[in-house]
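Novice: File follows, structure08.cif with mmCIF, C-alpha atoms:
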```
data_start
#
loop_
_atom_site.label_atom_id
_atom_site.label_comp_id
_atom_site.auth_asym_id
_atom_site.auth_seq_id
_atom_site.Cartn_x
_atom_site.Cartn_y
_atom_site.Cartn_z
CA MET L 1 -2.79 -24.59 2.94
CA GLY L 2 0.33 -22.39 3.00
CA PRO L 3 2.15 -21.06 5.99
CA GLY L 4 0.88 -18.21 8.13
CA PHE L 5 2.79 -15.84 10.37
CA ILE L 6 2.28 -15.01 14.01
CA LEU L 7 3.30 -11.50 15.06
CA VAL L 8 4.42 -11.28 18.68
CA ILE L 9 4.94 -7.79 20.08
CA VAL L 10 6.61 -7.47 23.45
CA GLN L 11 6.58 -4.39 25.67
CA ILE L 12 8.65 -3.98 28.80
CA LEU L 13 7.07 -1.53 31.22
CA ALA L 14 8.50 0.32 34.19
CA GLY L 15 8.60 -2.01 37.16
CA GLY L 16 9.56 -4.98 34.99
CA THR L 17 6.07 -5.87 33.75
CA GLU L 18 6.05 -7.56 30.34
CA LEU L 19 3.08 -7.32 27.96
CA GLU L 20 2.69 -9.43 24.84
CA HIS L 21 0.35 -8.86 21.91
CA VAL L 22 -0.24 -11.59 19.33
CA SER L 23 -1.78 -11.31 15.84
CA ALA L 24 -1.91 -13.60 12.80
CA PHE L 25 -1.11 -12.71 9.17
CA GLU L 26 -1.04 -14.55 5.86
CA SER L 27 2.25 -13.03 4.66
CA ARG L 28 5.61 -12.31 6.27
CA LYS L 29 5.67 -8.90 4.58
CA GLU L 30 2.41 -7.83 6.22
CA CYS L 31 3.52 -9.26 9.58
CA VAL L 32 6.80 -7.32 9.52
CA SER L 33 5.12 -4.13 8.30
CA VAL L 34 2.54 -4.14 11.10
CA GLY L 35 5.17 -5.06 13.71
CA GLU L 36 7.50 -2.25 12.64
CA GLN L 37 4.67 0.29 12.58
CA TRP L 38 3.36 -0.77 15.99
CA VAL L 39 6.79 -0.64 17.67
CA ASP L 40 7.67 2.71 16.03
CA GLU L 41 4.39 4.27 17.19
CA THR L 42 4.68 2.82 20.69
CA LEU L 43 8.23 4.07 21.21
CA SER L 44 7.46 7.45 19.62
CA ASN L 45 4.47 7.92 21.94
CA ALA L 46 6.58 6.85 24.93
CA ARG L 47 9.23 9.47 24.10
CA GLY L 48 6.52 12.14 23.92
CA GLU L 49 5.08 11.35 27.33
CA GLU L 50 7.11 12.10 30.44
CA THR L 51 5.03 9.62 32.44
CA SER L 52 5.06 6.74 29.94
CA ALA L 53 5.52 3.33 31.49
CA VAL L 54 6.97 1.82 28.27
CA LEU L 55 10.71 1.23 28.56
CA SER L 56 11.21 -1.05 25.56
CA ALA L 57 9.24 -2.65 22.73
CA TRP L 58 10.12 -5.13 19.98
CA PHE L 59 8.48 -7.71 17.77
CA TYR L 60 9.13 -10.91 15.86
CA CYS L 61 7.25 -12.86 13.22
CA GLN L 62 7.11 -16.65 13.49
CA GLU L 63 6.12 -18.84 10.55
CA VAL L 64 3.46 -21.40 11.43
CA ARG L 65 1.80 -24.17 9.44
CA GLY L 66 -1.66 -25.56 10.11
CA ALA L 67 -2.79 -29.15 9.91
CA LYS L 68 -4.59 -30.22 6.74
CA ARG L 69 -8.22 -31.12 7.22
#
```
Hey, can you dump this file as structure tokens for me?

Specialist:
Amino acid sequence: MGPGFILVIVQILAGGTELEHVSAFESRKECVSVGEQWVDETLSNARGEETSAVLSAWFYCQEVRGAKR
């Protein structure tokens, strides 16, 4: 069983609230691609809305390995 990748997306909202979204992927390339797309869309939408609560968003991909069964 090869490694997997956990995508963690963090949003900082007005008022200091922090939201985290977590997803799993089989490849680093897919993890990074989805993370970049999600952050780009989130920040683009926030710029387009005067009342958006999103102040900041970023992501990271963490390699993980499962136990053999």

Novice: Would you mind listing what lies within 10 Å of Gly2 of chain L as a VMD selection string, with all atoms listed in the file counted and same-chain residues fewer than 4 positions away left out?

Specialist: chain L and resid 26 to 27 64 to 66 68

Novice: Starting from the displayed file, determine the output of the PyMOL selection byres ((chain L and resi 8-17) around 9) and express the residue list as a list in words.

Specialist: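 Residues picked by the PyMOL selection byres ((chain L and resi 8-17) around 9): Ile6, Leu7, Glu18, Leu19, Glu20, His21, Val22, Ser23, Ala24, Gly35, Trp38, Val39, Thr42, Ser52, Ala53, Val54, Leu55, Ser56, Ala57, Trp58, Phe59, Tyr60, Cys61 and Gln62 of chain L.
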
Novice: What is the atom CA of Gly48 of chain L to atom CA of Val34 of chain L distance in Å?

Specialist: 21.1 Å

Novice: Atom CA of Arg47 of chain L and atom CA of Lys29 of chain L, how far apart in Å?

Specialist: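 Between atom CA of Lys29 of chain L and atom CA of Arg47 of chain L the gap is 27.0 Å.
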
Novice: Please compute the atom CA of Asn45 of chain L-atom CA of Phe25 of chain L distance, one decimal, in Å.

Specialist: 24.9 Å

Novice: Might I get the box with edges along x, y and z of the file that holds all atoms of segment 10-13 of chain L listed there, padded by 6 Å on every side, given as centre and edge lengths in Å to one decimal, as lines of an AutoDock Vina configuration file?

Specialist:
```
center_x = 7.6
center_y = -4.5
center_z = 27.3
size_x = 14.1
size_y = 17.9
size_z = 19.8
```
